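Source file: query.txt (compact mmCIF, C-alpha atoms)
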# COMPACT_ATOMS: atom_id res chain seq x y z
CA MET T 1 77.30 52.12 81.01
CA LYS T 2 74.70 49.49 81.76
CA LEU T 3 74.49 48.55 78.06
CA LYS T 4 78.25 47.98 77.97
CA MET T 5 77.98 45.72 80.98
CA VAL T 6 75.23 43.69 79.31
CA PHE T 7 77.31 43.21 76.15
CA ARG T 8 80.23 41.97 78.25
CA ILE T 9 78.18 39.44 80.23
CA LEU T 10 76.04 38.15 77.30
CA PRO T 11 78.85 36.23 75.46
CA VAL T 12 79.86 34.57 78.72
CA VAL T 13 76.30 33.46 79.39
CA LEU T 14 75.86 32.14 75.84
CA LEU T 15 79.13 30.19 76.02
CA ALA T 16 78.16 28.67 79.34
CA ALA T 17 74.75 27.66 77.99
CA LEU T 18 76.34 25.97 74.98
CA LEU T 19 78.67 23.89 77.18
CA VAL T 20 75.88 22.82 79.49
CA THR T 21 73.73 21.57 76.52
CA SER T 22 76.60 19.48 75.09
CA ALA T 23 77.32 17.93 78.46
CA TYR T 24 73.66 17.02 78.92
CA GLY T 25 73.52 15.34 75.50
CA ALA T 26 76.64 13.26 76.11
CA ASP T 27 75.23 11.99 79.40
CA LEU T 28 71.92 10.70 78.03
CA PRO T 29 71.11 7.36 79.66
CA ILE T 30 70.88 4.15 77.71
CA GLY T 31 67.37 3.61 76.45
CA ALA T 32 66.61 7.28 75.92
CA SER T 33 64.47 7.79 72.88
CA SER T 34 66.69 10.42 71.28
CA MET T 35 70.02 12.09 71.84
CA ASP T 36 72.26 14.74 70.33
CA ILE T 37 75.49 13.55 68.86
CA PRO T 38 77.96 16.45 68.76
CA ILE T 39 79.92 16.70 65.53
CA GLY T 40 83.31 15.12 65.86
CA THR T 41 82.33 12.85 68.76
CA SER T 42 80.70 9.37 68.92
CA GLY T 43 77.38 8.27 70.50
CA ASP T 44 75.15 5.14 71.01
CA MET T 45 71.82 5.01 69.20
CA VAL T 46 69.21 2.66 70.62
CA MET T 47 67.08 0.66 68.18
CA VAL T 48 63.95 -0.87 69.66
CA GLY T 49 62.24 -3.70 67.76
CA THR T 50 58.82 -5.14 68.52
CA VAL T 51 57.85 -8.64 67.42
CA GLU T 52 54.34 -8.48 65.98
CA PRO T 53 52.00 -11.32 66.99
CA THR T 54 50.98 -13.79 64.29
CA ILE T 55 47.30 -13.50 63.53
CA MET T 56 45.46 -16.42 61.99
CA SER T 57 42.53 -15.27 59.94
CA VAL T 58 40.39 -17.76 58.04
CA THR T 59 36.99 -18.24 56.47
CA MET T 60 35.63 -21.76 56.85
CA PRO T 61 32.38 -23.71 57.24
CA THR T 62 30.83 -24.51 60.60
CA TYR T 63 28.33 -27.03 59.23
CA VAL T 64 28.52 -29.25 56.14
CA PRO T 65 25.23 -30.53 54.68
CA PHE T 66 25.34 -33.46 52.24
CA HIS T 67 23.16 -36.19 50.78
CA ILE T 68 24.04 -39.81 50.19
CA ALA T 69 22.24 -42.10 47.75
CA ARG T 70 22.87 -45.44 46.14
CA ALA T 71 21.60 -43.99 42.86
CA VAL T 72 24.64 -41.75 42.54
CA GLN T 73 26.97 -43.05 39.83
CA GLY T 74 30.48 -44.19 40.79
CA ASP T 75 32.04 -45.38 44.06
CA ASN T 76 31.36 -42.07 45.76
CA LYS T 77 27.70 -41.99 46.72
CA VAL T 78 27.65 -38.52 48.26
CA ILE T 79 26.23 -35.33 46.79
CA SER T 80 28.34 -32.65 48.40
CA PRO T 81 28.58 -28.88 48.25
CA ARG T 82 31.91 -27.36 47.25
CA ILE T 83 33.71 -26.62 50.53
CA THR T 84 36.14 -23.74 50.10
CA VAL T 85 38.37 -22.59 52.94
CA THR T 86 40.20 -19.28 52.65
CA ASN T 87 43.31 -18.25 54.53
CA ASN T 88 43.23 -14.48 55.00
CA SER T 89 46.48 -14.38 56.98
CA SER T 90 50.14 -14.02 56.06
CA VAL T 91 51.14 -17.41 57.47
CA PRO T 92 50.42 -20.86 56.03
CA VAL T 93 47.81 -22.85 57.91
CA SER T 94 46.49 -26.38 57.91
CA LEU T 95 42.96 -27.62 58.45
CA ASP T 96 42.30 -30.69 60.55
CA VAL T 97 39.20 -32.46 61.80
CA SER T 98 39.62 -32.82 65.54
CA TYR T 99 36.35 -34.60 66.35
CA THR T 100 33.37 -35.97 64.45
CA ARG T 101 30.02 -36.33 66.13
CA VAL T 102 27.98 -39.01 64.38
CA ASP T 103 24.33 -39.82 65.04
CA LEU T 104 22.92 -42.85 63.23
CA SER T 105 19.96 -43.35 65.58
CA LYS T 106 17.41 -42.78 62.80
CA LEU T 107 18.95 -45.56 60.72
CA PRO T 108 18.20 -48.69 62.76
CA GLY T 109 20.87 -51.36 62.58
CA THR T 110 23.34 -49.12 60.79
CA THR T 111 26.91 -48.74 62.02
CA TRP T 112 29.88 -46.56 61.12
CA ASN T 113 32.98 -47.53 59.21
CA ASP T 114 36.12 -45.44 58.88
CA GLY T 115 37.18 -46.88 55.53
CA GLN T 116 36.08 -47.48 51.99
CA TYR T 117 35.03 -51.13 52.32
CA VAL T 118 31.71 -51.05 54.13
CA GLY T 119 29.50 -53.93 55.25
CA ASN T 120 25.84 -54.21 54.27
CA ASN T 121 24.70 -52.13 57.23
CA GLN T 122 27.52 -49.59 57.29
CA ILE T 123 28.15 -46.03 56.25
CA ALA T 124 31.53 -44.33 55.77
CA ILE T 125 32.10 -40.62 55.22
CA GLY T 126 35.26 -38.58 54.60
CA PHE T 127 36.76 -35.64 52.75
CA GLN T 128 38.57 -35.47 49.47
CA PRO T 129 40.37 -32.49 47.91
CA GLU T 130 39.06 -31.10 44.65
CA THR T 131 41.10 -32.38 41.71
CA ILE T 132 38.95 -31.17 38.82
CA ALA T 133 37.43 -27.72 39.23
CA ASN T 134 33.74 -27.72 40.17
CA GLN T 135 33.43 -31.50 39.88
CA MET T 136 32.51 -33.82 42.70
CA PRO T 137 34.84 -36.83 42.98
CA THR T 138 33.46 -40.09 41.65
CA SER T 139 36.06 -42.40 43.18
CA LEU T 140 37.06 -42.85 46.82
CA ALA T 141 40.81 -42.95 46.28
CA GLY T 142 42.72 -40.54 48.53
CA THR T 143 39.81 -40.01 50.93
CA LYS T 144 40.54 -38.89 54.49
CA TRP T 145 38.01 -40.98 56.43
CA LEU T 146 36.30 -39.68 59.53
CA GLN T 147 36.14 -41.64 62.76
CA ALA T 148 32.91 -41.51 64.72
CA ASN T 149 32.62 -39.92 68.16
CA THR T 150 36.30 -39.96 69.02
CA TYR T 151 39.07 -37.37 69.15
CA GLN T 152 41.25 -37.53 66.11
CA ASN T 153 43.48 -35.26 64.06
CA VAL T 154 42.67 -35.93 60.44
CA HIS T 155 44.55 -33.51 58.25
CA VAL T 156 42.24 -32.53 55.40
CA MET T 157 43.77 -29.45 53.84
CA SER T 158 46.85 -27.18 53.68
CA LEU T 159 46.63 -23.53 52.77
CA THR T 160 49.41 -21.17 51.76
CA ALA T 161 49.46 -17.57 52.99
CA TYR T 162 46.44 -15.78 51.53
CA GLY T 163 45.56 -19.00 49.69
CA GLU T 164 42.38 -20.99 49.39
CA SER T 165 41.61 -24.65 48.89
CA THR T 166 38.53 -26.73 48.10
CA MET T 167 37.31 -30.16 49.09
CA TYR T 168 34.17 -32.32 48.99
CA VAL T 169 32.40 -34.70 51.31
CA VAL T 170 32.63 -38.22 49.91
CA GLY T 171 31.38 -41.57 51.19
CA THR T 172 29.62 -44.81 50.61
CA LEU T 173 26.91 -47.00 52.17
CA GLY T 174 26.01 -50.68 52.33
CA SER T 175 23.10 -52.24 50.48
CA ALA T 176 21.01 -52.79 53.62
CA VAL T 177 21.20 -49.28 55.02
CA PRO T 178 17.62 -47.98 55.19
CA GLU T 179 16.73 -45.13 52.87
CA ASN T 180 14.66 -42.00 53.31
CA ASP T 181 15.97 -41.19 56.78
CA THR T 182 18.53 -38.69 57.93
CA PHE T 183 21.71 -39.08 59.95
CA SER T 184 24.12 -36.44 61.14
CA VAL T 185 27.88 -36.19 60.82
CA ILE T 186 29.25 -33.08 62.51
CA PRO T 187 33.00 -32.64 62.12
CA THR T 188 34.80 -29.97 64.12
CA PHE T 189 37.34 -28.21 61.91
CA VAL T 190 40.42 -26.81 63.59
CA VAL T 191 42.81 -24.51 61.82
CA ARG T 192 46.43 -24.35 62.97
CA GLN T 193 49.47 -22.36 61.98
CA VAL T 194 52.07 -24.38 60.08
CA ARG T 195 55.37 -23.81 61.88
CA MET C 1 -52.84 -3.53 27.79
CA GLY C 2 -51.21 -4.35 31.14
CA THR C 3 -51.82 -8.07 30.61
CA LYS C 4 -50.01 -8.02 27.25
CA VAL C 5 -46.91 -6.36 28.76
CA LYS C 6 -46.89 -8.92 31.52
CA GLU C 7 -47.13 -11.76 29.00
CA LYS C 8 -44.22 -10.31 26.99
CA LYS C 9 -42.07 -10.00 30.10
CA GLY C 10 -42.88 -13.59 31.08
CA LEU C 11 -41.98 -14.81 27.61
CA LEU C 12 -38.66 -12.93 27.71
CA LEU C 13 -37.84 -14.38 31.12
CA LEU C 14 -38.65 -17.88 29.90
CA CYS C 15 -36.35 -17.43 26.89
CA CYS C 16 -33.48 -16.24 29.11
CA VAL C 17 -33.89 -19.16 31.50
CA THR C 18 -33.99 -21.59 28.58
CA ILE C 19 -30.78 -20.13 27.06
CA VAL C 20 -28.92 -20.26 30.41
CA ALA C 21 -30.06 -23.86 30.95
CA ILE C 22 -28.89 -24.86 27.45
CA LEU C 23 -25.46 -23.20 28.05
CA ALA C 24 -25.03 -24.86 31.46
CA GLY C 25 -25.90 -28.22 29.97
CA ALA C 26 -23.38 -27.71 27.17
CA VAL C 27 -20.60 -26.83 29.62
CA PHE C 28 -21.45 -29.86 31.77
CA LEU C 29 -21.43 -32.20 28.81
CA PHE C 30 -18.13 -30.69 27.54
CA THR C 31 -16.31 -31.22 30.84
CA GLN C 32 -17.70 -34.72 31.38
CA ARG C 33 -17.06 -36.03 27.90
CA PRO C 34 -14.81 -39.08 27.68
CA PRO C 35 -11.22 -38.35 26.54
CA SER C 36 -10.26 -39.25 23.04
CA GLY C 37 -7.81 -42.12 22.43
CA ASN C 38 -7.67 -44.85 25.09
CA GLY C 39 -9.91 -43.06 27.49
CA LEU C 40 -7.16 -42.02 29.95
CA VAL C 41 -8.09 -39.46 32.56
CA LEU C 42 -5.46 -37.01 33.79
CA ASP C 43 -4.67 -37.31 37.52
CA ASP C 44 -5.68 -34.25 39.54
CA ASN C 45 -2.88 -35.10 42.02
CA ALA C 46 -0.12 -34.66 39.44
CA THR C 47 2.17 -31.59 39.75
CA MET C 48 3.71 -30.23 36.61
CA GLY C 49 7.56 -30.22 36.66
CA THR C 50 10.58 -32.43 37.49
CA LEU C 51 10.45 -34.57 40.64
CA PRO C 52 12.47 -32.79 43.38
CA GLY C 53 15.67 -34.57 44.33
CA ILE C 54 16.22 -36.24 41.00
CA ASP C 55 18.26 -33.39 39.54
CA MET C 56 21.71 -33.74 41.12
CA GLU C 57 22.84 -30.29 40.05
CA GLN C 58 19.79 -28.71 41.62
CA ARG C 59 20.34 -30.67 44.82
CA GLN C 60 23.99 -29.64 44.93
CA LYS C 61 22.95 -26.00 44.48
CA GLU C 62 20.62 -26.26 47.45
CA LEU C 63 23.36 -27.84 49.58
CA GLN C 64 25.78 -25.13 48.46
CA GLN C 65 23.36 -22.46 49.59
CA GLN C 66 23.03 -24.12 52.99
CA LEU C 67 26.81 -24.41 53.32
CA ASP C 68 27.42 -20.79 52.33
CA GLU C 69 25.08 -19.64 55.08
CA THR C 70 27.19 -21.42 57.68
CA MET C 71 30.58 -20.04 56.62
CA ILE C 72 32.32 -17.94 59.25
CA ALA C 73 35.37 -15.72 59.22
CA PHE C 74 37.45 -15.05 62.32
CA SER C 75 40.89 -13.94 63.46
CA ILE C 76 42.96 -14.86 66.50
CA ASN C 77 46.53 -14.50 67.73
CA SER C 78 48.15 -17.92 67.31
CA SER C 79 50.53 -17.34 70.25
CA PRO C 80 48.96 -15.03 72.87
CA VAL C 81 51.23 -13.96 75.73
CA PHE C 82 50.16 -13.20 79.31
CA ALA C 83 52.62 -11.38 81.58
CA SER C 84 51.17 -13.36 84.48
CA GLY C 85 48.31 -15.75 85.14
CA ARG C 86 46.13 -12.87 86.29
CA ALA C 87 47.17 -10.36 83.65
CA GLU C 88 45.51 -9.57 80.35
CA GLY C 89 46.98 -11.16 77.23
CA ASN C 90 46.86 -10.26 73.56
CA LEU C 91 44.23 -12.73 72.35
CA MET C 92 43.26 -10.50 69.40
CA LEU C 93 39.87 -12.04 68.64
CA GLU C 94 37.99 -10.59 65.72
CA ASN C 95 34.51 -11.00 64.26
CA PRO C 96 34.94 -9.35 60.84
CA GLU C 97 32.27 -7.23 59.19
CA ASN C 98 31.59 -9.75 56.41
CA ASN C 99 30.55 -12.45 58.88
CA ALA C 100 26.85 -11.70 59.41
CA LYS C 101 26.95 -13.82 62.59
CA LEU C 102 27.56 -13.27 66.27
CA LEU C 103 30.60 -15.10 67.64
CA VAL C 104 31.22 -16.48 71.11
CA VAL C 105 34.78 -17.64 71.77
CA GLU C 106 35.65 -20.49 74.13
CA ILE C 107 39.25 -21.50 74.79
CA HIS C 108 39.83 -25.09 75.93
CA LEU C 109 43.12 -26.48 77.19
CA ASP C 110 44.21 -29.39 75.02
CA GLY C 111 44.38 -32.66 76.89
CA THR C 112 42.06 -31.76 79.76
CA ASP C 113 39.49 -29.90 77.62
CA GLU C 114 39.10 -27.46 80.51
CA ILE C 115 37.51 -24.14 79.53
CA ILE C 116 39.89 -21.33 80.52
CA TYR C 117 38.20 -18.45 78.69
CA GLN C 118 34.73 -17.65 77.44
CA SER C 119 33.78 -14.39 75.81
CA LYS C 120 30.35 -12.89 75.55
CA ALA C 121 28.94 -12.48 72.03
CA LEU C 122 31.12 -10.41 69.72
CA PRO C 123 28.99 -8.19 67.49
CA ILE C 124 29.66 -8.20 63.75
CA GLY C 125 32.63 -5.99 62.90
CA SER C 126 34.15 -5.97 66.39
CA TYR C 127 37.24 -7.33 68.15
CA ILE C 128 38.73 -8.01 71.56
CA GLU C 129 42.40 -7.12 71.59
CA ASN C 130 43.31 -8.00 75.18
CA ALA C 131 41.52 -10.16 77.69
CA ARG C 132 42.11 -11.89 81.01
CA LEU C 133 41.67 -15.66 81.23
CA ASP C 134 38.87 -17.03 83.43
CA LYS C 135 41.33 -19.43 85.04
CA VAL C 136 44.67 -18.39 86.53
CA LEU C 137 47.42 -20.39 84.87
CA GLU C 138 50.87 -21.06 86.28
CA PRO C 139 53.84 -19.79 84.26
CA GLY C 140 54.42 -22.00 81.26
CA THR C 141 53.30 -22.82 77.75
CA TYR C 142 49.88 -24.31 77.09
CA PRO C 143 48.56 -25.76 73.83
CA ALA C 144 44.88 -24.89 73.55
CA THR C 145 42.01 -24.67 71.08
CA ALA C 146 39.82 -21.63 70.63
CA TYR C 147 36.34 -22.53 69.46
CA PHE C 148 34.36 -19.89 67.61
CA LYS C 149 30.67 -20.58 68.07
CA ALA C 150 28.54 -18.87 65.45
CA TYR C 151 24.99 -17.64 66.11
CA ARG C 152 22.61 -16.19 63.52
CA GLU C 153 22.15 -12.50 64.24
CA SER C 154 18.41 -12.35 63.54
CA ASP C 155 17.21 -15.04 65.97
CA GLN C 156 20.45 -16.00 67.77
CA ALA C 157 20.08 -19.60 66.61
CA PHE C 158 23.27 -21.68 66.88
CA VAL C 159 24.77 -22.19 63.42
CA GLY C 160 27.92 -24.20 64.15
CA GLN C 161 31.47 -23.91 65.37
CA ALA C 162 35.04 -23.91 64.10
CA GLY C 163 38.30 -24.08 66.03
CA ALA C 164 41.78 -22.61 65.96
CA ALA C 165 44.81 -24.21 67.61
CA ILE C 166 46.81 -21.71 69.67
CA THR C 167 49.73 -21.74 72.11
CA ILE C 168 49.28 -19.69 75.29
CA SER C 169 52.38 -18.42 77.10
CA VAL C 170 52.22 -17.25 80.72
CA LEU C 171 55.46 -15.53 81.65
CA SER C 172 55.34 -15.23 85.44
Encoding of this model in structure tokens:
Amino acid sequence: MKLKMVFRILPVVLLAALLVTSAYGADLPIGASSMDIPIGTSGDMVMVGTVEPTIMSVTMPTYVPFHIARAVQGDNKVISPRITVTNNSSVPVSLDVSYTRVDLSKLPGTTWNDGQYVGNNQIAIGFQPETIANQMPTSLAGTKWLQANTYQNVHVMSLTAYGESTMYVVGTLGSAVPENDTFSVIPTFVVRQVR
Amino acid sequence: MGTKVKEKKGLLLLCCVTIVAILAGAVFLFTQRPPSGNGLVLDDNATMGTLPGIDMEQRQKELQQQLDETMIAFSINSSPVFASGRAEGNLMLENPENNAKLLVVEIHLDGTDEIIYQSKALPIGSYIENARLDKVLEPGTYPATAYFKAYRESDQAFVGQAGAAITISVLS
């Protein structure tokens, strides 16, 4: 008798449960992460997109040593290392010199020039991109000249995504600049995303 | 009998001394003999080899080695966003494993050059994902430059610095 009663009530309970579940699914609020869409009805699916930040990732020098000598053949009198900058990020970047600290105190009477045509007591230093692989430039054409002890934005290099580029220090000096002493030129490189 | 042995020993000793003296004299005469030809004497102060600094390739190699030691790698978010002036923002600073240097990051506002953030030293192979600025900024957009100052790990000597231009956004 009891078993019969159970079999009569069970279908009613199951039917009620089914209706309640469908109603709950249809009433899901906007922004819910998932929802049931009953067959034969329509429903809104929310798509959430996140904008990933752009990461600049580069490998570059913090200090550039070089030598300058009148004995070097050609207009360029600088012996420079090969300066390679690598862009490890997925966006193109450019490399600028934002400031150049120059100290000529050990070269008495010597002054700075920010161009190719120097006076007898002047020195000029800049950067030039590599045009022939592994060869220092001999001319000064196309040089980006550095200005001493002042804020500037000298663009020296552009790099594609995951690309690399190479440049050299170039420069010249006047005939009366004393030899056998050191001077320092400390450019601050700043990398920026090309937008 | 004893006298004869003594005499023999004395004779032997005399011979040895004479031979040594002759050899020493020969060596002295050999080293002091005048050189053949024009009589030139080689300078004791001369060092065998090429004068340093004359070989441009060698000099460039030395400069290259110095430059390579100062190379640094770093990563940074080019447009970090701060929900408010006091909130943390996604700076995403990284000192990659291949760097071999400690990095200290300073962020300066362009124009005023005011320092608005300074990290402590980032160990090699570490990163800072989010950080709070040292100065509370009003809502707005700020062009700034992040300077990565590199220090040698062994003795913490300053190696040099490189910068990255970024744009900071403060939302509220």
Using only C-alpha atoms, which protein or nucleic acid residues come within 8 Å of Ala176 in chain T? Drop anything in the same chain fewer than 2 positions from it, and give the result as a PDB file with C-alpha atoms, in the coordinates of the input.
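New file part_1.pdb:
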ATOM      1  CA  ASN T 120      25.840 -54.210  54.270  1.00  0.00           C
ATOM      2  CA  ASN T 121      24.700 -52.130  57.230  1.00  0.00           C
ATOM      3  CA  GLY T 174      26.010 -50.680  52.330  1.00  0.00           C
ATOM      4  CA  PRO T 178      17.620 -47.980  55.190  1.00  0.00           C
TER       5      PRO T 178
END
Taking a cut-off of 8 Å and counting all atoms listed in the file, can you build a table that, for each residue of chain T near chain C, reports the nearest atom pair and how far apart they are in Å (one decimal), sorted by chain then residue number, as a tab-separated table?
residue	atom	partner	partner_atom	distance
T:Pro53	CA	C:Asn77	CA	6.4
T:Thr54	CA	C:Asn77	CA	5.7
T:Ile55	CA	C:Asn77	CA	4.4
T:Met56	CA	C:Ile76	CA	5.4
T:Ser57	CA	C:Ser75	CA	4.1
T:Val58	CA	C:Ala73	CA	5.5
T:Thr59	CA	C:Ala73	CA	4.1
T:Met60	CA	C:Met71	CA	5.3
T:Pro61	CA	C:Met71	CA	4.1
T:Thr62	CA	C:Gly160	CA	4.6
T:Tyr63	CA	C:Gly160	CA	5.7
T:Val64	CA	C:Leu67	CA	5.9
T:Pro65	CA	C:Leu63	CA	6.1
T:Phe66	CA	C:Leu63	CA	6.5
T:Ile79	CA	C:Gln60	CA	6.4
T:Ser80	CA	C:Gln60	CA	6.3
T:Pro81	CA	C:Gln64	CA	4.7
T:Arg82	CA	C:Gln64	CA	6.6
T:Ile83	CA	C:Leu67	CA	7.8
T:Thr188	CA	C:Ala162	CA	6.1
T:Phe189	CA	C:Ala162	CA	5.3
T:Val190	CA	C:Gly163	CA	4.2
T:Val191	CA	C:Ala164	CA	4.7
T:Arg192	CA	C:Ala165	CA	4.9
T:Gln193	CA	C:Ser78	CA	7.1
May I have the residues at most 8 Å from (51.7, -14.4, 87.7) in the file's coordinates, counting all atoms listed in the file, as a PDB file with C-alpha atoms, in the frame of the given file?
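Once everything was written out, this is part34.pdb:
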ATOM      1  CA  ALA C  83      52.620 -11.380  81.580  1.00  0.00           C
ATOM      2  CA  SER C  84      51.170 -13.360  84.480  1.00  0.00           C
ATOM      3  CA  GLY C  85      48.310 -15.750  85.140  1.00  0.00           C
ATOM      4  CA  ARG C  86      46.130 -12.870  86.290  1.00  0.00           C
ATOM      5  CA  ALA C  87      47.170 -10.360  83.650  1.00  0.00           C
ATOM      6  CA  LEU C 137      47.420 -20.390  84.870  1.00  0.00           C
ATOM      7  CA  GLU C 138      50.870 -21.060  86.280  1.00  0.00           C
ATOM      8  CA  PRO C 139      53.840 -19.790  84.260  1.00  0.00           C
ATOM      9  CA  VAL C 170      52.220 -17.250  80.720  1.00  0.00           C
ATOM     10  CA  LEU C 171      55.460 -15.530  81.650  1.00  0.00           C
ATOM     11  CA  SER C 172      55.340 -15.230  85.440  1.00  0.00           C
TER      12      SER C 172
END
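With CA of Asn88 in chain T on one side and CA of Tyr162 in chain T on the other, the separation reads 4.9 Å.
Atom pair CA of Thr50 in chain T / CA of Asn95 in chain C has a distance of 25.4 Å (rounded to one decimal).
Pairwise distance (CA of Trp112 in chain T, CA of Ser175 in chain T) equals 13.8 Å.
The nearest approach to Leu122 in chain C among the residues C:Ile19, C:Ala100, C:Leu13, C:Ile107, with all atoms listed in the file taken into account, belongs to C:Ala100.
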Polymer residues at most 8 Å from Ile125 in chain T, all atoms listed in the file, same-chain spacing of 4 or more positions, as a PyMOL selection string: chain T and resi 114+145-146+169-172
Because the input lacks atoms here, generate N, CA and C atoms for range 45-60 of chain T and report them as a tab-separated table (two decimals), keeping the file's coordinate frame.
chain	number	residue	atom	x	y	z
T	45	MET	N	73.21	4.83	69.58
T	45	MET	CA	71.82	5.01	69.20
T	45	MET	C	71.06	3.72	69.53
T	46	VAL	N	69.96	3.85	70.21
T	46	VAL	CA	69.21	2.66	70.62
T	46	VAL	C	68.15	2.34	69.57
T	47	MET	N	68.13	1.09	69.12
T	47	MET	CA	67.08	0.66	68.18
T	47	MET	C	66.16	-0.32	68.91
T	48	VAL	N	64.90	-0.01	68.94
T	48	VAL	CA	63.95	-0.87	69.66
T	48	VAL	C	63.05	-1.59	68.66
T	49	GLY	N	63.08	-2.91	68.67
T	49	GLY	CA	62.24	-3.70	67.76
T	49	GLY	C	61.12	-4.39	68.52
T	50	THR	N	59.96	-4.45	67.90
T	50	THR	CA	58.82	-5.14	68.52
T	50	THR	C	58.39	-6.30	67.62
T	51	VAL	N	58.29	-7.48	68.19
T	51	VAL	CA	57.85	-8.64	67.42
T	51	VAL	C	56.32	-8.62	67.36
T	52	GLU	N	55.79	-8.52	66.15
T	52	GLU	CA	54.34	-8.48	65.98
T	52	GLU	C	53.75	-9.88	66.17
T	53	PRO	N	52.62	-10.00	66.85
T	53	PRO	CA	52.00	-11.32	66.99
T	53	PRO	C	51.49	-11.86	65.65
T	54	THR	N	51.48	-13.17	65.52
T	54	THR	CA	50.98	-13.79	64.29
T	54	THR	C	49.47	-14.00	64.41
T	55	ILE	N	48.76	-13.39	63.50
T	55	ILE	CA	47.30	-13.50	63.53
T	55	ILE	C	46.85	-14.52	62.49
T	56	MET	N	46.09	-15.50	62.94
T	56	MET	CA	45.46	-16.42	61.99
T	56	MET	C	44.08	-15.87	61.66
T	57	SER	N	43.81	-15.81	60.37
T	57	SER	CA	42.53	-15.27	59.94
T	57	SER	C	42.00	-16.14	58.81
T	58	VAL	N	40.90	-16.81	59.04
T	58	VAL	CA	40.39	-17.76	58.04
T	58	VAL	C	38.87	-17.64	57.86
T	59	THR	N	38.43	-18.12	56.73
T	59	THR	CA	36.99	-18.24	56.47
T	59	THR	C	36.71	-19.71	56.19
T	60	MET	N	35.85	-20.32	56.96
T	60	MET	CA	35.63	-21.76	56.85
T	60	MET	C	34.19	-22.12	57.25
